[in-house]
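What follows is a short report on a single structure.
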Amino acid sequence: MSTPASTGTAPRGKHTLAAAIARDVPDGAYANLGIGQPTLVSDHLRPGSGVVLHTENGMLNFGPAAVEDEVDEELINAGKIPVTELPGAAYFHHADSFAMMRGGHLDVCVLGAFQVSANGDLANWHTGAPDAIPAVGGAMDLAIGAEQVWVMMTLFAKDGSPKVVPACTYPLTGLACVDRVYTDLATFEITASRGRADGALLVRDLSGTTLSALSDRLEVPVVLA
Amino acid sequence: MSARVLDSYAESVADVADGSTVLVGGFGMAGMPVELIDALIDQGAKDLVIVSNNAGNGDTGLAALLAAKRVRKVICSFPRQSDSWVFDGLYRAGEIELEVVPQGNLAERMRAAGAGIGAFFCPTGVGTPLTEGKEIREIDGRAYALEYPIKGDVALIKAHTADRMGNLVYRRTARNFGPVMATAARTVIAQVGHVVEVGGLDPETVVTPSIYVDRVVCPGAQEA
């Protein structure tokens, strides 16, 4: 982690958060940005960073969203958004695309989430509502496949309940797979896999809150990084 | 045997039997064999099991096949979308079965079928509802779930160009499931935009070799 623990005065909006994540993606990394807010991270990657974006429908090194006559229905990302092709791009079929994930070749993925537990369990595919039609896509493959799994989400749900929790109550996407959680109020490092005995989350980038305010609202132990 | 080149979608799907498992390529509209699906609707086969990434969009293609009540079960990774109202309605009415499979497992299970693999251990989905009831084995300290192949009776795929032997090349992200589905079904039917003579494709660029392909369909391309 290169950025020191710091305190911002206001919660981070999605663009500020995307910029913060983009700064942490190592130069030259092969990265997958999940559907929804994580795609915003690509807008903030430093030109010349050499980051290569992977899309699970079968492409490496795609570029910005296609506009006007660039739009080609056979050149889309996993969100089915028309994109563009950068020099050095490559196409491959689905089995190869997911082998890249499971095989440990993808350096980073950024995913949205409903909940993340203190030991890094991820719930992001199903609310568990009895009338919901289950749909998983590539979420489970990404969660267990990428070398680093980062989550981008708000820290509290609309009803005020925390989304970083002792144990997920929503159906799981993957076990102990999340390494880092970027939220509007703080960034959390999951330490369970690093042998920290108390399982506390390391907190940095406090934004519009304080450690003690966070401690009061979360049911998981947090310490400053 | 090399592929037969046909110019009729209807002829290419004429022998699809009731109860068949049909692998349908495409991710969104990219690589979706729309004309083959339309021909299958006209052909009338019913009680089908459809294997595809999605469960139909809008009112055309797979959605139209579902709406015609020809499909008993869908095996897919992502049925629920903003425009999947046909599937949603059938599912909520209890008129269609659904097996949700993580997208990579969907591809790998077909790859296994095409490669003669009896089953494989995969880490995806361990500890989630999608591996409930599956055998879990720890290998080198990591937990894996036992996954079985998905084999098709028929695959309907779309490629960019075929030669008259059935070698295929694809275009951009329309490749998606095509190459894997081409290995995993007993009868593989590819609709293509262009047919070239044997020798007209650079062998170094062939993505799906002709050995996998039974029928190539391209209007106007039938051999004289």
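Residue numbering restarts at 1 for every chain of the structure tokens, chains are lettered A, B, ... in their displayed order, and ligands are numbered from 1 as they appear.
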- Query: What residues in region 7-178 of chain A get the DSSP label helix (DSSP H, G or I)? Please answer as a PyMOL selection string.
  - Reply: chain A and resi 14-24+37-44+68-70+94-102+139-145
Could those selected residues go to a file with N, CA and C atoms, as a compact mmCIF listing (two decimals), in the first residue's frame?
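Result file follows (part06.txt):
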```
# COMPACT_ATOMS: atom_id res chain seq x y z
N LYS A 14 -18.23 8.46 -6.21
CA LYS A 14 -17.78 7.30 -6.99
C LYS A 14 -16.60 7.65 -7.90
N HIS A 15 -16.53 8.88 -8.39
CA HIS A 15 -15.41 9.23 -9.27
C HIS A 15 -14.12 9.39 -8.48
N THR A 16 -14.23 10.00 -7.30
CA THR A 16 -13.05 10.13 -6.43
C THR A 16 -12.55 8.74 -6.02
N LEU A 17 -13.49 7.88 -5.71
CA LEU A 17 -13.14 6.53 -5.31
C LEU A 17 -12.48 5.78 -6.48
N ALA A 18 -13.05 5.94 -7.66
CA ALA A 18 -12.48 5.28 -8.84
C ALA A 18 -11.06 5.78 -9.08
N ALA A 19 -10.83 7.08 -8.88
CA ALA A 19 -9.49 7.64 -9.06
C ALA A 19 -8.52 7.06 -8.04
N ALA A 20 -9.00 6.89 -6.81
CA ALA A 20 -8.14 6.32 -5.75
C ALA A 20 -7.75 4.88 -6.09
N ILE A 21 -8.70 4.12 -6.60
CA ILE A 21 -8.41 2.73 -6.99
C ILE A 21 -7.41 2.72 -8.15
N ALA A 22 -7.66 3.59 -9.12
CA ALA A 22 -6.79 3.64 -10.30
C ALA A 22 -5.34 3.91 -9.89
N ARG A 23 -5.16 4.77 -8.89
CA ARG A 23 -3.78 5.08 -8.44
C ARG A 23 -3.11 3.85 -7.85
N ASP A 24 -3.89 2.93 -7.31
CA ASP A 24 -3.31 1.75 -6.66
C ASP A 24 -3.07 0.58 -7.62
N GLN A 37 -20.02 0.31 -11.31
CA GLN A 37 -19.08 1.35 -10.89
C GLN A 37 -17.61 1.02 -11.12
N PRO A 38 -17.18 -0.24 -10.95
CA PRO A 38 -15.75 -0.50 -11.16
C PRO A 38 -15.24 -0.10 -12.56
N THR A 39 -16.14 -0.07 -13.54
CA THR A 39 -15.67 0.34 -14.89
C THR A 39 -15.17 1.78 -14.88
N LEU A 40 -15.63 2.59 -13.90
CA LEU A 40 -15.18 3.99 -13.83
C LEU A 40 -13.67 4.08 -13.59
N VAL A 41 -13.09 3.03 -13.01
CA VAL A 41 -11.65 3.06 -12.71
C VAL A 41 -10.85 3.30 -13.98
N SER A 42 -11.33 2.76 -15.10
CA SER A 42 -10.56 2.90 -16.35
C SER A 42 -10.42 4.36 -16.76
N ASP A 43 -11.38 5.21 -16.37
CA ASP A 43 -11.30 6.63 -16.74
C ASP A 43 -10.16 7.34 -16.02
N HIS A 44 -9.64 6.71 -14.97
CA HIS A 44 -8.66 7.40 -14.13
C HIS A 44 -7.27 6.76 -14.19
N GLU A 68 -20.11 6.77 -31.88
CA GLU A 68 -20.53 6.98 -33.26
C GLU A 68 -20.09 5.83 -34.17
N ASP A 69 -19.28 6.11 -35.19
CA ASP A 69 -19.00 5.05 -36.16
C ASP A 69 -18.01 4.01 -35.65
N GLU A 70 -17.52 4.18 -34.43
CA GLU A 70 -16.68 3.12 -33.84
C GLU A 70 -17.53 1.96 -33.34
N HIS A 94 -14.05 -18.20 -24.58
CA HIS A 94 -14.45 -18.14 -23.19
C HIS A 94 -13.65 -19.07 -22.27
N ALA A 95 -13.36 -20.27 -22.73
CA ALA A 95 -12.63 -21.20 -21.84
C ALA A 95 -11.24 -20.64 -21.55
N ASP A 96 -10.60 -20.06 -22.57
CA ASP A 96 -9.29 -19.43 -22.35
C ASP A 96 -9.41 -18.22 -21.42
N SER A 97 -10.46 -17.46 -21.63
CA SER A 97 -10.63 -16.24 -20.84
C SER A 97 -10.74 -16.54 -19.35
N PHE A 98 -11.48 -17.60 -19.03
CA PHE A 98 -11.64 -17.93 -17.60
C PHE A 98 -10.46 -18.73 -17.08
N ALA A 99 -9.75 -19.42 -17.95
CA ALA A 99 -8.49 -20.05 -17.53
C ALA A 99 -7.49 -18.98 -17.10
N MET A 100 -7.52 -17.82 -17.75
CA MET A 100 -6.63 -16.72 -17.35
C MET A 100 -6.90 -16.30 -15.91
N MET A 101 -8.18 -16.33 -15.52
CA MET A 101 -8.52 -15.97 -14.13
C MET A 101 -8.10 -17.07 -13.17
N ARG A 102 -8.65 -18.26 -13.39
CA ARG A 102 -8.39 -19.34 -12.43
C ARG A 102 -6.92 -19.68 -12.35
N ALA A 139 -18.95 -13.59 -11.88
CA ALA A 139 -18.55 -13.06 -10.56
C ALA A 139 -17.79 -14.09 -9.72
N MET A 140 -18.27 -15.34 -9.72
CA MET A 140 -17.60 -16.34 -8.87
C MET A 140 -16.22 -16.71 -9.40
N ASP A 141 -16.11 -16.73 -10.73
CA ASP A 141 -14.82 -17.06 -11.34
C ASP A 141 -13.79 -15.98 -11.03
N LEU A 142 -14.22 -14.71 -11.16
CA LEU A 142 -13.32 -13.59 -10.88
C LEU A 142 -12.91 -13.57 -9.41
N ALA A 143 -13.89 -13.82 -8.53
CA ALA A 143 -13.64 -13.70 -7.10
C ALA A 143 -12.53 -14.65 -6.65
N ILE A 144 -12.52 -15.86 -7.20
CA ILE A 144 -11.52 -16.82 -6.74
C ILE A 144 -10.30 -16.85 -7.66
N GLY A 145 -10.37 -16.10 -8.77
CA GLY A 145 -9.32 -16.25 -9.76
C GLY A 145 -8.23 -15.20 -9.71
```
What residues in chain B lie within 10 Å of chain A, counting only C-alpha atoms, written as a PDB file with N, CA and C atoms, in the first residue's frame?
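Here's the written file iface_17.pdb:
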```
ATOM      1  N   GLY B  26     -22.859 -17.157 -28.459  1.00  0.00           N
ATOM      2  CA  GLY B  26     -23.197 -15.753 -28.329  1.00  0.00           C
ATOM      3  C   GLY B  26     -23.072 -15.236 -26.926  1.00  0.00           C
ATOM      4  N   PHE B  27     -22.714 -13.979 -26.844  1.00  0.00           N
ATOM      5  CA  PHE B  27     -22.658 -13.230 -25.585  1.00  0.00           C
ATOM      6  C   PHE B  27     -23.326 -11.914 -25.908  1.00  0.00           C
ATOM      7  N   GLY B  28     -24.542 -11.712 -25.382  1.00  0.00           N
ATOM      8  CA  GLY B  28     -25.361 -10.635 -25.942  1.00  0.00           C
ATOM      9  C   GLY B  28     -25.614 -10.969 -27.405  1.00  0.00           C
ATOM     10  N   MET B  29     -25.598  -9.972 -28.254  1.00  0.00           N
ATOM     11  CA  MET B  29     -25.837 -10.237 -29.675  1.00  0.00           C
ATOM     12  C   MET B  29     -24.559 -10.668 -30.394  1.00  0.00           C
ATOM     13  N   ALA B  30     -23.403 -10.430 -29.774  1.00  0.00           N
ATOM     14  CA  ALA B  30     -22.139 -10.786 -30.423  1.00  0.00           C
ATOM     15  C   ALA B  30     -22.022 -12.309 -30.521  1.00  0.00           C
ATOM     16  N   GLY B  31     -21.957 -12.810 -31.744  1.00  0.00           N
ATOM     17  CA  GLY B  31     -21.818 -14.246 -31.947  1.00  0.00           C
ATOM     18  C   GLY B  31     -23.114 -15.014 -31.817  1.00  0.00           C
ATOM     19  N   MET B  32     -24.231 -14.317 -31.681  1.00  0.00           N
ATOM     20  CA  MET B  32     -25.521 -15.000 -31.547  1.00  0.00           C
ATOM     21  C   MET B  32     -25.982 -15.503 -32.926  1.00  0.00           C
ATOM     22  N   ASN B  53     -25.029 -18.496 -22.678  1.00  0.00           N
ATOM     23  CA  ASN B  53     -24.649 -17.623 -21.568  1.00  0.00           C
ATOM     24  C   ASN B  53     -25.846 -16.926 -20.948  1.00  0.00           C
ATOM     25  N   ASN B  54     -26.759 -16.484 -21.793  1.00  0.00           N
ATOM     26  CA  ASN B  54     -27.946 -15.761 -21.325  1.00  0.00           C
ATOM     27  C   ASN B  54     -29.196 -16.561 -21.685  1.00  0.00           C
ATOM     28  N   CYS B  76     -27.467 -21.745 -17.974  1.00  0.00           N
ATOM     29  CA  CYS B  76     -26.804 -20.499 -18.376  1.00  0.00           C
ATOM     30  C   CYS B  76     -26.178 -19.840 -17.157  1.00  0.00           C
ATOM     31  N   SER B  77     -25.395 -18.781 -17.407  1.00  0.00           N
ATOM     32  CA  SER B  77     -24.761 -18.091 -16.279  1.00  0.00           C
ATOM     33  C   SER B  77     -25.540 -16.858 -15.857  1.00  0.00           C
ATOM     34  N   PHE B  78     -26.235 -16.228 -16.800  1.00  0.00           N
ATOM     35  CA  PHE B  78     -26.827 -14.926 -16.475  1.00  0.00           C
ATOM     36  C   PHE B  78     -28.170 -14.758 -17.154  1.00  0.00           C
ATOM     37  N   PRO B  79     -29.237 -15.371 -16.581  1.00  0.00           N
ATOM     38  CA  PRO B  79     -30.547 -15.262 -17.214  1.00  0.00           C
ATOM     39  C   PRO B  79     -31.205 -13.898 -17.030  1.00  0.00           C
ATOM     40  N   ARG B  80     -30.959 -13.270 -15.892  1.00  0.00           N
ATOM     41  CA  ARG B  80     -31.735 -12.081 -15.533  1.00  0.00           C
ATOM     42  C   ARG B  80     -31.071 -10.830 -16.106  1.00  0.00           C
ATOM     43  N   GLN B  81     -31.757 -10.175 -17.021  1.00  0.00           N
ATOM     44  CA  GLN B  81     -31.248  -8.926 -17.581  1.00  0.00           C
ATOM     45  C   GLN B  81     -32.410  -7.957 -17.726  1.00  0.00           C
ATOM     46  N   PHE B  87     -37.992 -14.911 -20.572  1.00  0.00           N
ATOM     47  CA  PHE B  87     -37.532 -15.921 -19.621  1.00  0.00           C
ATOM     48  C   PHE B  87     -38.114 -15.655 -18.237  1.00  0.00           C
ATOM     49  N   ASP B  88     -38.061 -14.413 -17.786  1.00  0.00           N
ATOM     50  CA  ASP B  88     -38.528 -14.075 -16.441  1.00  0.00           C
ATOM     51  C   ASP B  88     -39.969 -14.557 -16.228  1.00  0.00           C
ATOM     52  N   TYR B  91     -40.151 -18.373 -16.062  1.00  0.00           N
ATOM     53  CA  TYR B  91     -39.547 -18.865 -14.820  1.00  0.00           C
ATOM     54  C   TYR B  91     -40.479 -18.640 -13.638  1.00  0.00           C
ATOM     55  N   ARG B  92     -41.029 -17.442 -13.570  1.00  0.00           N
ATOM     56  CA  ARG B  92     -41.910 -17.131 -12.445  1.00  0.00           C
ATOM     57  C   ARG B  92     -43.202 -17.945 -12.504  1.00  0.00           C
ATOM     58  N   LEU B  98     -34.295 -23.939 -14.598  1.00  0.00           N
ATOM     59  CA  LEU B  98     -33.084 -23.132 -14.721  1.00  0.00           C
ATOM     60  C   LEU B  98     -31.951 -23.791 -13.954  1.00  0.00           C
ATOM     61  N   GLU B  99     -30.796 -23.956 -14.607  1.00  0.00           N
ATOM     62  CA  GLU B  99     -29.568 -24.307 -13.890  1.00  0.00           C
ATOM     63  C   GLU B  99     -28.587 -23.159 -14.104  1.00  0.00           C
ATOM     64  N   VAL B 100     -28.282 -22.445 -13.025  1.00  0.00           N
ATOM     65  CA  VAL B 100     -27.325 -21.335 -13.117  1.00  0.00           C
ATOM     66  C   VAL B 100     -25.924 -21.886 -12.902  1.00  0.00           C
ATOM     67  N   VAL B 101     -25.020 -21.586 -13.811  1.00  0.00           N
ATOM     68  CA  VAL B 101     -23.650 -22.085 -13.770  1.00  0.00           C
ATOM     69  C   VAL B 101     -22.720 -20.878 -13.902  1.00  0.00           C
ATOM     70  N   PRO B 102     -21.714 -20.758 -13.025  1.00  0.00           N
ATOM     71  CA  PRO B 102     -20.755 -19.666 -13.215  1.00  0.00           C
ATOM     72  C   PRO B 102     -20.200 -19.691 -14.647  1.00  0.00           C
ATOM     73  N   GLN B 103     -20.015 -18.497 -15.185  1.00  0.00           N
ATOM     74  CA  GLN B 103     -19.690 -18.368 -16.610  1.00  0.00           C
ATOM     75  C   GLN B 103     -18.454 -19.187 -17.020  1.00  0.00           C
ATOM     76  N   GLY B 104     -17.433 -19.155 -16.186  1.00  0.00           N
ATOM     77  CA  GLY B 104     -16.231 -19.916 -16.516  1.00  0.00           C
ATOM     78  C   GLY B 104     -16.457 -21.413 -16.423  1.00  0.00           C
ATOM     79  N   ASN B 105     -17.294 -21.837 -15.479  1.00  0.00           N
ATOM     80  CA  ASN B 105     -17.615 -23.265 -15.382  1.00  0.00           C
ATOM     81  C   ASN B 105     -18.446 -23.718 -16.571  1.00  0.00           C
ATOM     82  N   LEU B 106     -19.311 -22.837 -17.040  1.00  0.00           N
ATOM     83  CA  LEU B 106     -20.098 -23.171 -18.230  1.00  0.00           C
ATOM     84  C   LEU B 106     -19.149 -23.474 -19.395  1.00  0.00           C
ATOM     85  N   ALA B 107     -18.180 -22.595 -19.590  1.00  0.00           N
ATOM     86  CA  ALA B 107     -17.213 -22.800 -20.678  1.00  0.00           C
ATOM     87  C   ALA B 107     -16.366 -24.042 -20.432  1.00  0.00           C
ATOM     88  N   GLU B 108     -15.872 -24.200 -19.204  1.00  0.00           N
ATOM     89  CA  GLU B 108     -14.948 -25.301 -18.925  1.00  0.00           C
ATOM     90  C   GLU B 108     -15.658 -26.651 -18.962  1.00  0.00           C
ATOM     91  N   ARG B 109     -16.919 -26.689 -18.542  1.00  0.00           N
ATOM     92  CA  ARG B 109     -17.656 -27.952 -18.590  1.00  0.00           C
ATOM     93  C   ARG B 109     -17.879 -28.370 -20.043  1.00  0.00           C
ATOM     94  N   MET B 110     -18.084 -27.424 -20.924  1.00  0.00           N
ATOM     95  CA  MET B 110     -18.182 -27.782 -22.349  1.00  0.00           C
ATOM     96  C   MET B 110     -16.815 -28.141 -22.913  1.00  0.00           C
ATOM     97  N   ARG B 111     -15.793 -27.432 -22.465  1.00  0.00           N
ATOM     98  CA  ARG B 111     -14.437 -27.778 -22.913  1.00  0.00           C
ATOM     99  C   ARG B 111     -14.112 -29.217 -22.526  1.00  0.00           C
ATOM    100  N   ALA B 112     -14.485 -29.582 -21.286  1.00  0.00           N
ATOM    101  CA  ALA B 112     -14.231 -30.948 -20.817  1.00  0.00           C
ATOM    102  C   ALA B 112     -14.973 -31.958 -21.688  1.00  0.00           C
ATOM    103  N   CYS B 122     -12.723 -27.932  -9.649  1.00  0.00           N
ATOM    104  CA  CYS B 122     -12.632 -26.510  -9.963  1.00  0.00           C
ATOM    105  C   CYS B 122     -12.894 -25.691  -8.692  1.00  0.00           C
ATOM    106  N   PRO B 123     -12.112 -24.650  -8.444  1.00  0.00           N
ATOM    107  CA  PRO B 123     -12.305 -23.881  -7.209  1.00  0.00           C
ATOM    108  C   PRO B 123     -13.486 -22.919  -7.256  1.00  0.00           C
ATOM    109  N   THR B 124     -14.009 -22.651  -8.443  1.00  0.00           N
ATOM    110  CA  THR B 124     -15.060 -21.637  -8.561  1.00  0.00           C
ATOM    111  C   THR B 124     -16.327 -22.067  -7.825  1.00  0.00           C
ATOM    112  N   GLY B 125     -16.843 -21.178  -7.002  1.00  0.00           N
ATOM    113  CA  GLY B 125     -18.137 -21.417  -6.362  1.00  0.00           C
ATOM    114  C   GLY B 125     -18.077 -22.231  -5.089  1.00  0.00           C
ATOM    115  N   VAL B 126     -16.894 -22.679  -4.680  1.00  0.00           N
ATOM    116  CA  VAL B 126     -16.806 -23.439  -3.430  1.00  0.00           C
ATOM    117  C   VAL B 126     -17.283 -22.562  -2.269  1.00  0.00           C
ATOM    118  N   GLY B 127     -18.133 -23.121  -1.433  1.00  0.00           N
ATOM    119  CA  GLY B 127     -18.671 -22.365  -0.301  1.00  0.00           C
ATOM    120  C   GLY B 127     -19.888 -21.534  -0.650  1.00  0.00           C
ATOM    121  N   THR B 128     -20.353 -21.633  -1.883  1.00  0.00           N
ATOM    122  CA  THR B 128     -21.529 -20.865  -2.324  1.00  0.00           C
ATOM    123  C   THR B 128     -22.679 -21.814  -2.628  1.00  0.00           C
ATOM    124  N   PRO B 129     -23.883 -21.252  -2.792  1.00  0.00           N
ATOM    125  CA  PRO B 129     -25.025 -22.128  -3.096  1.00  0.00           C
ATOM    126  C   PRO B 129     -24.857 -22.916  -4.398  1.00  0.00           C
ATOM    127  N   LEU B 130     -23.993 -22.454  -5.303  1.00  0.00           N
ATOM    128  CA  LEU B 130     -23.904 -23.123  -6.610  1.00  0.00           C
ATOM    129  C   LEU B 130     -23.055 -24.393  -6.591  1.00  0.00           C
ATOM    130  N   TYR B 170     -13.285 -16.357 -36.506  1.00  0.00           N
ATOM    131  CA  TYR B 170     -14.305 -15.528 -35.867  1.00  0.00           C
ATOM    132  C   TYR B 170     -13.898 -14.063 -35.984  1.00  0.00           C
ATOM    133  N   ARG B 171     -14.769 -13.197 -35.486  1.00  0.00           N
ATOM    134  CA  ARG B 171     -14.451 -11.772 -35.535  1.00  0.00           C
ATOM    135  C   ARG B 171     -14.618 -11.165 -34.134  1.00  0.00           C
ATOM    136  N   ARG B 172     -13.536 -10.587 -33.643  1.00  0.00           N
ATOM    137  CA  ARG B 172     -13.534  -9.819 -32.399  1.00  0.00           C
ATOM    138  C   ARG B 172     -14.219 -10.605 -31.260  1.00  0.00           C
ATOM    139  N   THR B 173     -14.997  -9.919 -30.424  1.00  0.00           N
ATOM    140  CA  THR B 173     -15.569 -10.623 -29.261  1.00  0.00           C
ATOM    141  C   THR B 173     -16.768 -11.493 -29.619  1.00  0.00           C
ATOM    142  N   ALA B 174     -17.087 -11.598 -30.906  1.00  0.00           N
ATOM    143  CA  ALA B 174     -18.115 -12.548 -31.318  1.00  0.00           C
ATOM    144  C   ALA B 174     -17.606 -13.987 -31.240  1.00  0.00           C
ATOM    145  N   ARG B 175     -16.318 -14.153 -30.987  1.00  0.00           N
ATOM    146  CA  ARG B 175     -15.757 -15.505 -30.845  1.00  0.00           C
ATOM    147  C   ARG B 175     -16.371 -16.213 -29.633  1.00  0.00           C
ATOM    148  N   ASN B 176     -16.461 -15.541 -28.556  1.00  0.00           N
ATOM    149  CA  ASN B 176     -16.861 -15.992 -27.205  1.00  0.00           C
ATOM    150  C   ASN B 176     -17.011 -17.510 -27.008  1.00  0.00           C
ATOM    151  N   PHE B 177     -18.200 -18.059 -27.054  1.00  0.00           N
ATOM    152  CA  PHE B 177     -18.380 -19.496 -26.763  1.00  0.00           C
ATOM    153  C   PHE B 177     -18.229 -20.392 -27.991  1.00  0.00           C
ATOM    154  N   GLY B 178     -18.132 -19.791 -29.189  1.00  0.00           N
ATOM    155  CA  GLY B 178     -18.142 -20.583 -30.418  1.00  0.00           C
ATOM    156  C   GLY B 178     -17.120 -21.710 -30.457  1.00  0.00           C
ATOM    157  N   PRO B 179     -15.833 -21.394 -30.236  1.00  0.00           N
ATOM    158  CA  PRO B 179     -14.823 -22.455 -30.357  1.00  0.00           C
ATOM    159  C   PRO B 179     -15.023 -23.595 -29.357  1.00  0.00           C
ATOM    160  N   VAL B 180     -15.477 -23.284 -28.147  1.00  0.00           N
ATOM    161  CA  VAL B 180     -15.675 -24.339 -27.154  1.00  0.00           C
ATOM    162  C   VAL B 180     -16.914 -25.169 -27.492  1.00  0.00           C
ATOM    163  N   MET B 181     -18.000 -24.494 -27.862  1.00  0.00           N
ATOM    164  CA  MET B 181     -19.214 -25.238 -28.227  1.00  0.00           C
ATOM    165  C   MET B 181     -18.978 -26.121 -29.447  1.00  0.00           C
ATOM    166  N   VAL B 207      -9.199 -20.788 -36.156  1.00  0.00           N
ATOM    167  CA  VAL B 207      -9.493 -20.897 -34.719  1.00  0.00           C
ATOM    168  C   VAL B 207     -10.200 -22.222 -34.424  1.00  0.00           C
TER     169      VAL B 207
END
```
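Of note, CA of Gly44 (chain B) and CA of Val86 (chain B) are spaced 18.4 Å apart.
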- Message: Report as a VMD selection string all protein, DNA and RNA residues lying within 12 Å of Pro87 (chain A), evaluated on only C-alpha atoms, omitting residues in the same chain fewer than 5 positions from it.
- Response: chain A and resid 50 52 60 to 63
Save the residues we just selected, N, CA and C atoms, as a short mmCIF file (atom, residue, chain, number, x, y, z; two decimals), in the first residue's frame?
```
data_model
loop_
_atom_site.label_atom_id
_atom_site.label_comp_id
_atom_site.auth_asym_id
_atom_site.auth_seq_id
_atom_site.Cartn_x
_atom_site.Cartn_y
_atom_site.Cartn_z
N GLY A 50 0.39 1.52 -18.75
CA GLY A 50 0.61 0.18 -19.28
C GLY A 50 -0.36 -0.85 -18.73
N VAL A 52 -3.29 -3.27 -18.70
CA VAL A 52 -4.02 -3.96 -19.76
C VAL A 52 -5.34 -4.47 -19.19
N LEU A 60 -8.27 -8.94 -24.38
CA LEU A 60 -7.31 -8.17 -23.59
C LEU A 60 -6.99 -6.88 -24.33
N ASN A 61 -6.79 -5.83 -23.53
CA ASN A 61 -6.40 -4.50 -24.03
C ASN A 61 -7.49 -3.84 -24.87
N PHE A 62 -8.68 -3.79 -24.28
CA PHE A 62 -9.71 -2.98 -24.92
C PHE A 62 -9.56 -1.53 -24.46
N GLY A 63 -10.13 -0.62 -25.25
CA GLY A 63 -10.00 0.80 -24.98
C GLY A 63 -11.31 1.41 -24.51
#
```
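Neighbours of Glu189 (chain A) closer than or equal to 9 Å, with only C-alpha atoms counted and sequence neighbours fewer than 4 positions away skipped, come out as Val178, Asp179, Arg180, Val181, Tyr182, Ala200, Leu201, Leu202, Val203, Arg204 and Ala225 of chain A.
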- Any idea what's packed within 6 Å of region 108-120 of chain A, counting only C-alpha atoms, ignoring anything in its chain fewer than 2 positions away? Could you give it as an MDAnalysis selection string? chainID A and resid 31:34 38 106 122:124 146:153 163:168 176:178 192
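Put simply, CA of Ala10 (chain A) is 27.5 Å away from CA of Gly199 (chain A).
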- Task: Write down as a ChimeraX atom specification the residues belonging to region 18-224 of chain B that are assigned strand (DSSP E or B) by DSSP computed on the backbone.
- Result: /B:21-24,27,30,48-51,54,71-76,78,97-100,120-122,136-139,142-147,152-163,168-169,185-196,208,215-217
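Taking CA of Phe121 (chain B) as the reference point, CA of Leu146 (chain B) is found at 4.5 Å.
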- Can you pull out every residue within 10 Å of region 160-162 of chain A, counting only C-alpha atoms, but drop anything in the same chain fewer than 5 positions away, and send it as a PyMOL selection string? chain A and resi 114-116+154-155+214+217-220
- Message: Excluding Val196 (chain B) and its own-chain neighbours fewer than 2 positions away, which residues fall within 7 Å of it when counting only C-alpha atoms? Please give them as a list in words.
- Response: Ala162, Asp163, Arg164, His194, Val198 and Gly200 of chain B
Would you save the residues of that selection, restricted to N, CA and C atoms, as a tab-separated table (two decimals), in the first residue's frame?
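File again28.tsv, as written:
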```tsv
chain	number	residue	atom	x	y	z
B	162	ALA	N	-15.83	-19.21	-43.09
B	162	ALA	CA	-15.49	-20.63	-43.15
B	162	ALA	C	-14.86	-20.92	-44.50
B	163	ASP	N	-14.00	-21.93	-44.54
B	163	ASP	CA	-13.67	-22.47	-45.86
B	163	ASP	C	-14.59	-23.67	-46.10
B	164	ARG	N	-14.51	-24.25	-47.28
B	164	ARG	CA	-15.47	-25.29	-47.63
B	164	ARG	C	-15.22	-26.61	-46.91
B	194	HIS	N	-19.27	-15.48	-44.56
B	194	HIS	CA	-18.50	-15.65	-45.80
B	194	HIS	C	-18.01	-17.09	-45.89
B	198	VAL	N	-11.29	-23.93	-50.23
B	198	VAL	CA	-10.27	-24.61	-49.44
B	198	VAL	C	-8.91	-24.01	-49.82
B	200	GLY	N	-8.22	-20.99	-48.80
B	200	GLY	CA	-8.45	-19.56	-48.71
B	200	GLY	C	-8.27	-18.97	-47.32
```
